[in-house]
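Structure file work.pdb (PDB, C-alpha atoms) is printed below.
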MODEL        1
ATOM      1  CA  MET Y  14     -14.932  24.446  -7.359
ATOM      2  CA  ILE Y  15     -12.620  24.897  -4.438
ATOM      3  CA  ILE Y  16     -12.489  23.490  -0.941
ATOM      4  CA  ARG Y  17     -10.930  25.741   1.668
ATOM      5  CA  THR Y  18     -10.791  26.233   5.422
ATOM      6  CA  ALA Y  19     -13.884  27.940   6.821
ATOM      7  CA  VAL Y  20     -13.465  31.444   8.218
ATOM      8  CA  ALA Y  21     -15.662  33.457  10.561
ATOM      9  CA  GLY Y  22     -17.332  35.288   7.684
ATOM     10  CA  ASP Y  23     -18.659  31.987   6.314
ATOM     11  CA  ALA Y  24     -20.994  31.405   9.256
ATOM     12  CA  ALA Y  25     -24.222  32.539   7.585
ATOM     13  CA  ALA Y  26     -23.498  30.542   4.431
ATOM     14  CA  ILE Y  27     -22.585  27.466   6.478
ATOM     15  CA  ALA Y  28     -25.817  27.800   8.435
ATOM     16  CA  ALA Y  29     -27.742  27.911   5.162
ATOM     17  CA  VAL Y  30     -26.180  24.569   4.215
ATOM     18  CA  ILE Y  31     -26.419  22.706   7.511
ATOM     19  CA  LEU Y  32     -29.713  23.900   9.002
ATOM     20  CA  PRO Y  33     -31.998  22.269   6.386
ATOM     21  CA  THR Y  34     -30.226  18.942   6.910
ATOM     22  CA  ILE Y  35     -30.459  19.267  10.685
ATOM     23  CA  ARG Y  36     -34.153  20.259  10.493
ATOM     24  CA  ASP Y  37     -34.887  17.367   8.141
ATOM     25  CA  GLY Y  38     -33.626  14.977  10.792
ATOM     26  CA  THR Y  39     -33.353  11.844   8.664
ATOM     27  CA  THR Y  40     -29.570  11.518   8.351
ATOM     28  CA  TYR Y  41     -27.835  12.999  11.428
ATOM     29  CA  ALA Y  42     -28.380  12.226  15.116
ATOM     30  CA  LEU Y  43     -28.603  15.898  16.058
ATOM     31  CA  ASP Y  44     -31.414  17.781  17.740
ATOM     32  CA  SER Y  45     -33.512  18.870  14.756
ATOM     33  CA  GLU Y  46     -34.813  21.863  16.732
ATOM     34  CA  MET Y  47     -31.400  23.223  17.692
ATOM     35  CA  SER Y  48     -30.896  26.947  17.227
ATOM     36  CA  GLU Y  49     -28.776  28.330  14.408
ATOM     37  CA  ALA Y  50     -26.239  29.489  17.009
ATOM     38  CA  ASP Y  51     -26.016  26.012  18.528
ATOM     39  CA  ALA Y  52     -25.710  24.413  15.108
ATOM     40  CA  LEU Y  53     -22.828  26.695  14.196
ATOM     41  CA  ALA Y  54     -21.197  26.176  17.600
ATOM     42  CA  TYR Y  55     -21.330  22.437  16.963
ATOM     43  CA  TRP Y  56     -20.096  22.548  13.369
ATOM     44  CA  LEU Y  57     -17.315  25.070  14.086
ATOM     45  CA  SER Y  58     -16.245  23.887  17.557
ATOM     46  CA  PRO Y  59     -12.554  24.340  18.406
ATOM     47  CA  ASP Y  60     -11.832  20.594  18.314
ATOM     48  CA  LYS Y  61     -12.710  20.500  14.602
ATOM     49  CA  HIS Y  62     -11.119  21.575  11.330
ATOM     50  CA  THR Y  63     -14.033  22.892   9.269
ATOM     51  CA  PHE Y  64     -13.950  23.369   5.489
ATOM     52  CA  VAL Y  65     -16.303  24.810   2.907
ATOM     53  CA  LEU Y  66     -16.838  23.889  -0.715
ATOM     54  CA  GLU Y  67     -17.367  26.887  -2.996
ATOM     55  CA  ASP Y  68     -18.716  26.642  -6.491
ATOM     56  CA  ASP Y  69     -19.539  29.620  -8.708
ATOM     57  CA  GLY Y  70     -18.793  31.885  -5.769
ATOM     58  CA  ALA Y  71     -21.311  30.312  -3.404
ATOM     59  CA  ILE Y  72     -20.820  27.868  -0.530
ATOM     60  CA  ARG Y  73     -22.536  24.623  -1.509
ATOM     61  CA  GLY Y  74     -21.117  22.230   1.059
ATOM     62  CA  THR Y  75     -19.147  22.002   4.275
ATOM     63  CA  TYR Y  76     -17.406  19.341   6.287
ATOM     64  CA  PHE Y  77     -15.514  18.954   9.532
ATOM     65  CA  LEU Y  78     -12.671  16.685  10.589
ATOM     66  CA  ARG Y  79     -11.642  15.973  14.171
ATOM     67  CA  ALA Y  80      -9.920  13.299  16.229
ATOM     68  CA  ASN Y  81     -12.561  10.698  17.043
ATOM     69  CA  GLN Y  82     -11.118   9.836  20.449
ATOM     70  CA  ALA Y  83      -8.511  11.352  22.745
ATOM     71  CA  GLY Y  84      -5.281   9.854  24.060
ATOM     72  CA  ARG Y  85      -4.330   6.586  22.413
ATOM     73  CA  GLY Y  86      -7.318   6.746  20.097
ATOM     74  CA  ARG Y  87      -6.415  10.109  18.599
ATOM     75  CA  HIS Y  88      -4.814   8.661  15.447
ATOM     76  CA  VAL Y  89      -8.326   7.926  14.131
ATOM     77  CA  CYS Y  90     -10.291  10.875  12.758
ATOM     78  CA  ASN Y  91     -13.994  11.444  12.232
ATOM     79  CA  CYS Y  92     -15.787  13.641   9.696
ATOM     80  CA  GLY Y  93     -19.235  15.013   8.967
ATOM     81  CA  TYR Y  94     -20.298  16.300   5.547
ATOM     82  CA  MET Y  95     -23.298  18.296   4.414
ATOM     83  CA  THR Y  96     -24.262  19.592   0.975
ATOM     84  CA  SER Y  97     -26.952  22.132   0.214
ATOM     85  CA  ALA Y  98     -30.116  20.464  -1.054
ATOM     86  CA  ALA Y  99     -29.947  22.513  -4.261
ATOM     87  CA  ALA Y 100     -26.498  21.121  -5.031
ATOM     88  CA  THR Y 101     -27.058  17.384  -4.556
ATOM     89  CA  GLY Y 102     -26.142  15.015  -7.360
ATOM     90  CA  ARG Y 103     -23.134  17.057  -8.451
ATOM     91  CA  GLY Y 104     -20.464  14.996  -6.701
ATOM     92  CA  PHE Y 105     -19.770  17.550  -3.982
ATOM     93  CA  ALA Y 106     -19.983  15.039  -1.130
ATOM     94  CA  ARG Y 107     -17.511  12.819  -2.939
ATOM     95  CA  ARG Y 108     -15.154  15.744  -3.505
ATOM     96  CA  MET Y 109     -15.325  16.735   0.137
ATOM     97  CA  CYS Y 110     -14.679  13.170   1.302
ATOM     98  CA  GLU Y 111     -11.690  12.820  -1.020
ATOM     99  CA  HIS Y 112     -10.384  16.135   0.309
ATOM    100  CA  SER Y 113     -10.853  14.965   3.885
ATOM    101  CA  LEU Y 114      -8.962  11.729   3.243
ATOM    102  CA  ASP Y 115      -6.036  13.697   1.788
ATOM    103  CA  PHE Y 116      -6.137  16.199   4.642
ATOM    104  CA  ALA Y 117      -6.306  13.412   7.235
ATOM    105  CA  ARG Y 118      -3.267  11.666   5.776
ATOM    106  CA  ALA Y 119      -1.369  14.967   5.691
ATOM    107  CA  GLN Y 120      -2.222  15.520   9.354
ATOM    108  CA  GLY Y 121      -0.876  12.095  10.259
ATOM    109  CA  PHE Y 122      -4.172  10.356  11.030
ATOM    110  CA  ARG Y 123      -3.955   6.626  10.418
ATOM    111  CA  ALA Y 124      -7.640   5.839   9.988
ATOM    112  CA  MET Y 125     -11.018   7.522   9.466
ATOM    113  CA  GLN Y 126     -14.205   6.429  11.213
ATOM    114  CA  PHE Y 127     -17.842   7.350  10.724
ATOM    115  CA  ASN Y 128     -19.626   6.600  13.987
ATOM    116  CA  PHE Y 129     -23.231   6.746  12.952
ATOM    117  CA  VAL Y 130     -24.290   6.356   9.309
ATOM    118  CA  VAL Y 131     -28.057   5.900   9.187
ATOM    119  CA  SER Y 132     -28.613   2.635   7.315
ATOM    120  CA  THR Y 133     -31.556   3.998   5.336
ATOM    121  CA  ASN Y 134     -29.260   6.665   3.882
ATOM    122  CA  THR Y 135     -28.244   4.174   1.206
ATOM    123  CA  ARG Y 136     -26.792   6.761  -1.148
ATOM    124  CA  ALA Y 137     -24.315   7.816   1.529
ATOM    125  CA  VAL Y 138     -23.475   4.223   2.450
ATOM    126  CA  ARG Y 139     -22.707   3.386  -1.181
ATOM    127  CA  LEU Y 140     -20.695   6.578  -1.625
ATOM    128  CA  TRP Y 141     -18.543   5.863   1.427
ATOM    129  CA  GLN Y 142     -18.031   2.271   0.287
ATOM    130  CA  SER Y 143     -16.905   3.494  -3.133
ATOM    131  CA  LEU Y 144     -14.361   5.687  -1.360
ATOM    132  CA  GLY Y 145     -12.846   2.779   0.552
ATOM    133  CA  PHE Y 146     -14.882   2.591   3.734
ATOM    134  CA  ALA Y 147     -16.004  -0.762   5.113
ATOM    135  CA  ILE Y 148     -18.998  -1.364   7.354
ATOM    136  CA  VAL Y 149     -17.323  -2.528  10.577
ATOM    137  CA  GLY Y 150     -20.289  -2.280  12.900
ATOM    138  CA  ARG Y 151     -24.079  -2.263  12.983
ATOM    139  CA  LEU Y 152     -26.028  -0.633  15.829
ATOM    140  CA  PRO Y 153     -29.468  -2.270  15.985
ATOM    141  CA  GLY Y 154     -32.294   0.243  16.009
ATOM    142  CA  ALA Y 155     -29.999   3.062  17.088
ATOM    143  CA  PHE Y 156     -31.736   5.724  14.971
ATOM    144  CA  ALA Y 157     -35.406   6.601  15.487
ATOM    145  CA  HIS Y 158     -36.196   7.500  11.897
ATOM    146  CA  PRO Y 159     -39.033  10.031  11.620
ATOM    147  CA  THR Y 160     -40.988   7.914   9.136
ATOM    148  CA  GLU Y 161     -39.433   4.419   9.189
ATOM    149  CA  GLY Y 162     -39.239   3.779  12.950
ATOM    150  CA  ASP Y 163     -36.104   2.481  14.633
ATOM    151  CA  VAL Y 164     -33.510   1.654  11.985
ATOM    152  CA  ASP Y 165     -29.910   0.498  12.308
ATOM    153  CA  ALA Y 166     -26.940   2.821  12.217
ATOM    154  CA  LEU Y 167     -23.637   1.714  10.714
ATOM    155  CA  VAL Y 168     -20.065   2.246  11.814
ATOM    156  CA  MET Y 169     -17.814   2.726   8.773
ATOM    157  CA  TYR Y 170     -14.029   2.754   8.788
ATOM    158  CA  GLN Y 171     -10.934   2.796   6.659
ATOM    159  CA  ARG Y 172      -7.246   2.770   7.407
ATOM    160  CA  LEU Y 173      -5.271   5.564   5.742
TER     161      LEU Y 173
ATOM    162  CA  MET A  28     -22.120  -1.525  49.386
ATOM    163  CA  ILE A  29     -24.256   1.231  47.950
ATOM    164  CA  ILE A  30     -24.364   2.992  44.616
ATOM    165  CA  ARG A  31     -25.587   6.574  44.719
ATOM    166  CA  THR A  32     -25.513   9.765  42.669
ATOM    167  CA  ALA A  33     -22.216  11.630  42.917
ATOM    168  CA  VAL A  34     -22.257  14.993  44.712
ATOM    169  CA  ALA A  35     -19.782  17.855  44.639
ATOM    170  CA  GLY A  36     -18.083  16.692  47.814
ATOM    171  CA  ASP A  37     -17.116  13.406  46.134
ATOM    172  CA  ALA A  38     -14.733  15.052  43.687
ATOM    173  CA  ALA A  39     -11.481  14.209  45.481
ATOM    174  CA  ALA A  40     -12.521  10.597  46.038
ATOM    175  CA  ILE A  41     -13.633  10.263  42.415
ATOM    176  CA  ALA A  42     -10.297  11.667  41.256
ATOM    177  CA  ALA A  43      -8.512   9.063  43.373
ATOM    178  CA  VAL A  44     -10.423   6.351  41.509
ATOM    179  CA  ILE A  45     -10.219   7.647  37.949
ATOM    180  CA  LEU A  46      -6.761   9.234  37.748
ATOM    181  CA  PRO A  47      -4.751   5.990  38.105
ATOM    182  CA  THR A  48      -6.818   4.419  35.298
ATOM    183  CA  ILE A  49      -6.383   7.485  33.103
ATOM    184  CA  ARG A  50      -2.621   7.630  33.811
ATOM    185  CA  ASP A  51      -2.261   3.910  33.102
ATOM    186  CA  GLY A  52      -3.652   4.525  29.615
ATOM    187  CA  THR A  53      -4.305   0.916  28.637
ATOM    188  CA  THR A  54      -8.100   0.823  28.743
ATOM    189  CA  TYR A  55      -9.562   4.268  27.957
ATOM    190  CA  ALA A  56      -8.924   6.542  24.954
ATOM    191  CA  LEU A  57      -8.326   9.590  27.146
ATOM    192  CA  ASP A  58      -5.280  11.813  27.362
ATOM    193  CA  SER A  59      -3.225  10.048  30.041
ATOM    194  CA  GLU A  60      -1.551  13.349  30.982
ATOM    195  CA  MET A  61      -4.789  15.260  31.543
ATOM    196  CA  SER A  62      -4.975  17.339  34.708
ATOM    197  CA  GLU A  63      -7.077  16.279  37.671
ATOM    198  CA  ALA A  64      -9.371  19.239  36.982
ATOM    199  CA  ASP A  65      -9.843  18.189  33.346
ATOM    200  CA  ALA A  66     -10.440  14.585  34.363
ATOM    201  CA  LEU A  67     -13.144  15.622  36.821
ATOM    202  CA  ALA A  68     -14.666  18.035  34.299
ATOM    203  CA  TYR A  69     -14.916  15.137  31.848
ATOM    204  CA  TRP A  70     -16.271  12.582  34.329
ATOM    205  CA  LEU A  71     -18.778  15.007  35.893
ATOM    206  CA  SER A  72     -19.794  16.990  32.805
ATOM    207  CA  PRO A  73     -23.396  18.279  32.750
ATOM    208  CA  ASP A  74     -24.452  15.863  29.985
ATOM    209  CA  LYS A  75     -23.764  12.902  32.279
ATOM    210  CA  HIS A  76     -25.382  11.244  35.287
ATOM    211  CA  THR A  77     -22.444  10.250  37.494
ATOM    212  CA  PHE A  78     -22.652   7.689  40.298
ATOM    213  CA  VAL A  79     -20.272   6.422  42.961
ATOM    214  CA  LEU A  80     -19.991   3.018  44.589
ATOM    215  CA  GLU A  81     -19.284   3.164  48.311
ATOM    216  CA  ASP A  82     -18.115   0.215  50.358
ATOM    217  CA  ASP A  83     -17.125   0.359  54.028
ATOM    218  CA  GLY A  84     -17.512   4.132  53.867
ATOM    219  CA  ALA A  85     -15.044   4.663  51.012
ATOM    220  CA  ILE A  86     -15.649   5.344  47.329
ATOM    221  CA  ARG A  87     -14.282   2.351  45.416
ATOM    222  CA  GLY A  88     -15.814   2.897  42.004
ATOM    223  CA  THR A  89     -17.647   5.390  39.814
ATOM    224  CA  TYR A  90     -19.555   5.378  36.563
ATOM    225  CA  PHE A  91     -21.334   7.789  34.258
ATOM    226  CA  LEU A  92     -24.309   7.406  31.962
ATOM    227  CA  ARG A  93     -25.260   9.792  29.144
ATOM    228  CA  ALA A  94     -27.138   9.807  25.870
ATOM    229  CA  ASN A  95     -24.715   8.504  23.244
ATOM    230  CA  GLN A  96     -26.106  10.683  20.451
ATOM    231  CA  ALA A  97     -28.450  13.647  20.230
ATOM    232  CA  GLY A  98     -31.732  13.996  18.400
ATOM    233  CA  ARG A  99     -33.074  10.747  17.014
ATOM    234  CA  GLY A 100     -30.181   8.791  18.498
ATOM    235  CA  ARG A 101     -30.813   9.894  22.073
ATOM    236  CA  HIS A 102     -32.684   6.722  23.078
ATOM    237  CA  VAL A 103     -29.319   4.909  23.210
ATOM    238  CA  CYS A 104     -27.150   5.568  26.239
ATOM    239  CA  ASN A 105     -23.435   5.186  26.851
ATOM    240  CA  CYS A 106     -21.555   4.495  30.088
ATOM    241  CA  GLY A 107     -18.027   4.483  31.454
ATOM    242  CA  TYR A 108     -17.002   2.608  34.616
ATOM    243  CA  MET A 109     -13.870   2.744  36.724
ATOM    244  CA  THR A 110     -12.934   0.862  39.889
ATOM    245  CA  SER A 111     -10.050   1.664  42.201
ATOM    246  CA  ALA A 112      -7.102  -0.663  41.626
ATOM    247  CA  ALA A 113      -7.220  -1.776  45.251
ATOM    248  CA  ALA A 114     -10.826  -2.939  44.833
ATOM    249  CA  THR A 115     -10.593  -5.024  41.655
ATOM    250  CA  GLY A 116     -11.849  -8.584  41.706
ATOM    251  CA  ARG A 117     -14.699  -7.849  44.088
ATOM    252  CA  GLY A 118     -17.452  -7.574  41.510
ATOM    253  CA  PHE A 119     -17.819  -3.811  41.732
ATOM    254  CA  ALA A 120     -17.716  -3.272  37.963
ATOM    255  CA  ARG A 121     -20.468  -5.842  37.551
ATOM    256  CA  ARG A 122     -22.554  -4.185  40.250
ATOM    257  CA  MET A 123     -22.127  -0.770  38.641
ATOM    258  CA  CYS A 124     -23.049  -2.108  35.209
ATOM    259  CA  GLU A 125     -26.166  -3.838  36.579
ATOM    260  CA  HIS A 126     -27.096  -0.574  38.307
ATOM    261  CA  SER A 127     -26.587   1.364  35.079
ATOM    262  CA  LEU A 128     -28.791  -1.027  33.112
ATOM    263  CA  ASP A 129     -31.582  -0.592  35.684
ATOM    264  CA  PHE A 130     -31.127   3.175  35.720
ATOM    265  CA  ALA A 131     -31.104   3.353  31.927
ATOM    266  CA  ARG A 132     -34.370   1.407  31.681
ATOM    267  CA  ALA A 133     -35.934   3.636  34.322
ATOM    268  CA  GLN A 134     -34.866   6.701  32.344
ATOM    269  CA  GLY A 135     -36.497   5.325  29.208
ATOM    270  CA  PHE A 136     -33.355   4.496  27.250
ATOM    271  CA  ARG A 137     -33.942   1.652  24.812
ATOM    272  CA  ALA A 138     -30.367   0.469  24.317
ATOM    273  CA  MET A 139     -26.877   0.830  25.793
ATOM    274  CA  GLN A 140     -23.750   1.173  23.681
ATOM    275  CA  PHE A 141     -20.054   1.045  24.545
ATOM    276  CA  ASN A 142     -18.211   2.890  21.784
ATOM    277  CA  PHE A 143     -14.656   1.862  22.420
ATOM    278  CA  VAL A 144     -13.804  -1.268  24.410
ATOM    279  CA  VAL A 145     -10.105  -2.005  23.978
ATOM    280  CA  SER A 146      -9.929  -5.574  22.675
ATOM    281  CA  THR A 147      -6.952  -6.488  24.863
ATOM    282  CA  ASN A 148      -9.064  -5.669  27.943
ATOM    283  CA  THR A 149     -10.405  -9.203  27.817
ATOM    284  CA  ARG A 150     -11.707  -9.212  31.366
ATOM    285  CA  ALA A 151     -13.958  -6.277  30.553
ATOM    286  CA  VAL A 152     -15.094  -7.799  27.250
ATOM    287  CA  ARG A 153     -16.086 -11.037  28.997
ATOM    288  CA  LEU A 154     -17.827  -9.134  31.796
ATOM    289  CA  TRP A 155     -19.889  -7.059  29.387
ATOM    290  CA  GLN A 156     -20.787 -10.178  27.402
ATOM    291  CA  SER A 157     -21.932 -11.892  30.598
ATOM    292  CA  LEU A 158     -24.189  -8.896  31.239
ATOM    293  CA  GLY A 159     -25.883  -9.162  27.859
ATOM    294  CA  PHE A 160     -23.734  -7.032  25.563
ATOM    295  CA  ALA A 161     -22.879  -8.245  22.072
ATOM    296  CA  ILE A 162     -19.864  -7.211  20.034
ATOM    297  CA  VAL A 163     -21.508  -5.337  17.140
ATOM    298  CA  GLY A 164     -18.432  -3.670  15.701
ATOM    299  CA  ARG A 165     -14.657  -3.971  15.484
ATOM    300  CA  LEU A 166     -12.435  -0.934  14.801
ATOM    301  CA  PRO A 167      -9.173  -2.181  13.313
ATOM    302  CA  GLY A 168      -6.110  -0.819  15.092
ATOM    303  CA  ALA A 169      -8.090   2.021  16.644
ATOM    304  CA  PHE A 170      -6.205   1.948  19.957
ATOM    305  CA  ALA A 171      -2.450   2.559  20.129
ATOM    306  CA  HIS A 172      -1.748   0.323  23.106
ATOM    307  CA  PRO A 173       1.305   1.472  25.099
ATOM    308  CA  THR A 174       2.955  -1.957  25.006
ATOM    309  CA  GLU A 175       1.085  -4.004  22.369
ATOM    310  CA  GLY A 176       0.991  -1.541  19.460
ATOM    311  CA  ASP A 177      -2.177  -0.801  17.522
ATOM    312  CA  VAL A 178      -4.944  -3.099  18.708
ATOM    313  CA  ASP A 179      -8.624  -3.269  17.781
ATOM    314  CA  ALA A 180     -11.359  -1.554  19.736
ATOM    315  CA  LEU A 181     -14.817  -3.107  20.006
ATOM    316  CA  VAL A 182     -18.284  -1.598  19.850
ATOM    317  CA  MET A 183     -20.606  -3.402  22.274
ATOM    318  CA  TYR A 184     -24.358  -3.013  22.460
ATOM    319  CA  GLN A 185     -27.525  -4.306  24.011
ATOM    320  CA  ARG A 186     -31.164  -3.410  23.679
ATOM    321  CA  LEU A 187     -32.923  -2.723  26.967
TER     322      LEU A 187
ENDMDL
END
How does this structure look as structure tokens?
Amino acid sequence: MIIRTAVAGDAAAIAAVILPTIRDGTTYALDSEMSEADALAYWLSPDKHTFVLEDDGAIRGTYFLRANQAGRGRHVCNCGYMTSAAATGRGFARRMCEHSLDFARAQGFRAMQFNFVVSTNTRAVRLWQSLGFAIVGRLPGAFAHPTEGDVDALVMYQRL
Amino acid sequence: MIIRTAVAGDAAAIAAVILPTIRDGTTYALDSEMSEADALAYWLSPDKHTFVLEDDGAIRGTYFLRANQAGRGRHVCNCGYMTSAAATGRGFARRMCEHSLDFARAQGFRAMQFNFVVSTNTRAVRLWQSLGFAIVGRLPGAFAHPTEGDVDALVMYQRL
């Protein structure tokens, strides 16, 4: 398993990872009907560092890291992680998050913030907590869950 | 005093309101050195509704409203408000916020969220609280204040 910077030739493999999660619509506040081109434009936008996780020669996960704010808020970074459905339960999200924390420190970021963790995504919440993140905010009813109605979203944060 | 939708011809007057606040750098996490063109591109970007407040024939304040997230988070809006330094203390920020709450309800938004209220901006915090916002999150040291060092930023929220 390796984690490396994404390159242009990874686009199709990245799309195969992120589109099912976007279409599912239960964990990210993204337009679930967005085109593949728009999804890739979002995930690979110039303000982001984007990485892929390869295992057995195939891309199984991807994440991005960017500054969460500009100006005097730019010392805090933000990340998004997605793993292919076929590869869940193998610790890939954890590996990507650990990689992102190391990369963020190396880049000089002083904190990492997740702006919008859907509260019903309890596996993710527990994973981020086990990696040092605290719940520092709760947004009441901020996510219109497709089956559970309006549920809270969490803001999670850790200093680096 | 009227509040109306911004039009292209307002650009110079809007710049005169927002650039001093951006240059000051103590209340918004924006690049304080950004060009006037970049500042206007940000404030008037296509994802935003932008308004101006006119008093005695001059633009004294401006605000934007946008969806804070996409997809299943798009029922929550976000706003930014700026008043010209010469017009502070006259209730214009309050009037703009009241206008934005009415506009948001009319547009069908179900909540309003401020992502990054600098905690040392106590006048703003108190104003938003008086208008119904609660502090729902605290981001430790997320703003590198130019004179006070790293200070917390607040997430404020109200259902509509």
From A:Ile45, A:Ala85, A:Ala171, A:Ala35, residue lying nearest chain Y [all atoms listed in the file]: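 That would be A:Ala171, the residue with the smallest distance to chain Y.
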Take the PyMOL selection byres ((chain Y and resi 166) around 7), apply it to the structure above, and return the hits as a PyMOL selection string. chain Y and resi 129-132+151-153+155-156+164-165+167-168
Expansion of the PyMOL selection byres ((chain Y) within 7 of (chain A)) into residues, as a PyMOL selection string: chain Y and resi 42-45+82-86+89+149-152+155-158
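The space separating atom CA of Thr101 of chain Y from atom CA of Ala137 of chain Y comes to 11.7 Å.
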Computed interatomic separation between atom CA of Phe141 of chain A and atom CA of Glu111 of chain Y (Å): 29.4 Å
Do a neighbour search on Trp141 of chain Y at 9 Å with only C-alpha atoms, toss out local chain neighbours closer than 4 positions, and write the hits as a compact mmCIF listing (two decimals) with C-alpha atoms, in the frame of the given file.
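This is the output file result.txt:
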# COMPACT_ATOMS: atom_id res chain seq x y z
CA ARG Y 107 -17.51 12.82 -2.94
CA CYS Y 110 -14.68 13.17 1.30
CA ARG Y 136 -26.79 6.76 -1.15
CA ALA Y 137 -24.32 7.82 1.53
CA GLY Y 145 -12.85 2.78 0.55
CA PHE Y 146 -14.88 2.59 3.73
CA ALA Y 147 -16.00 -0.76 5.11
CA MET Y 169 -17.81 2.73 8.77
Could you spell out the hits of the PyMOL selection byres ((chain A and resi 114) around 12) on the shown file, as a PyMOL selection string? chain A and resi 44+80-83+85-89+109-113+115-120
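The closest residue to His112 of chain Y, picked from Y:Gln142, Y:Tyr94, Y:Pro33, Y:Ala80 and counting all atoms listed in the file, is Y:Tyr94.
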Could you list, as an mmCIF file with C-alpha atoms, in the frame of the given file, every residue within 8 Å of Tyr76 of chain Y, counting all atoms listed in the file and ignoring same-chain residues fewer than 5 positions away?
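Generated output (selection_11.cif):
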data_model
loop_
_atom_site.group_PDB
_atom_site.id
_atom_site.type_symbol
_atom_site.label_atom_id
_atom_site.label_comp_id
_atom_site.auth_asym_id
_atom_site.auth_seq_id
_atom_site.Cartn_x
_atom_site.Cartn_y
_atom_site.Cartn_z
ATOM 1 C CA THR Y 63 -14.033 22.892 9.269
ATOM 2 C CA PHE Y 64 -13.950 23.369 5.489
ATOM 3 C CA VAL Y 65 -16.303 24.810 2.907
ATOM 4 C CA CYS Y 92 -15.787 13.641 9.696
ATOM 5 C CA GLY Y 93 -19.235 15.013 8.967
ATOM 6 C CA TYR Y 94 -20.298 16.300 5.547
ATOM 7 C CA MET Y 95 -23.298 18.296 4.414
ATOM 8 C CA MET Y 109 -15.325 16.735 0.137
#
I'd like to know which of Y:Ala119, Y:Ser143, Y:Leu78, Y:Ala50 is closest to Ala25 of chain Y, using only C-alpha atoms.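 Smallest separation from Ala25 of chain Y among the options: Y:Ala50.
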Go ahead and fit an axis-aligned box to every listed atom of segment 133-139 of chain A plus 4 Å each side, and pass me the centre and edge lengths in Å, one decimal, as lines of an AutoDock Vina configuration file.
center_x = -31.7
center_y = 3.6
center_z = 29.3
size_x = 17.6
size_y = 14.2
size_z = 18.0
For Leu32 of chain Y, which of Y:Leu57, Y:Val20, Y:Ala52, Y:Ile15 is the closest residue, counting only C-alpha atoms? Y:Ala52
Y:Pro59, Y:Gly121, Y:Ala29, Y:Phe77: which is nearest Ile16 of chain Y, counting all atoms listed in the file?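 Of all the options, Y:Phe77 lies closest to Ile16 of chain Y.
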May I ask for the distance between atom CA of Ala117 of chain Y and atom CA of His62 of chain Y, given in Å to one decimal place?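 Separating atom CA of Ala117 of chain Y from atom CA of His62 of chain Y is a distance of 10.3 Å.
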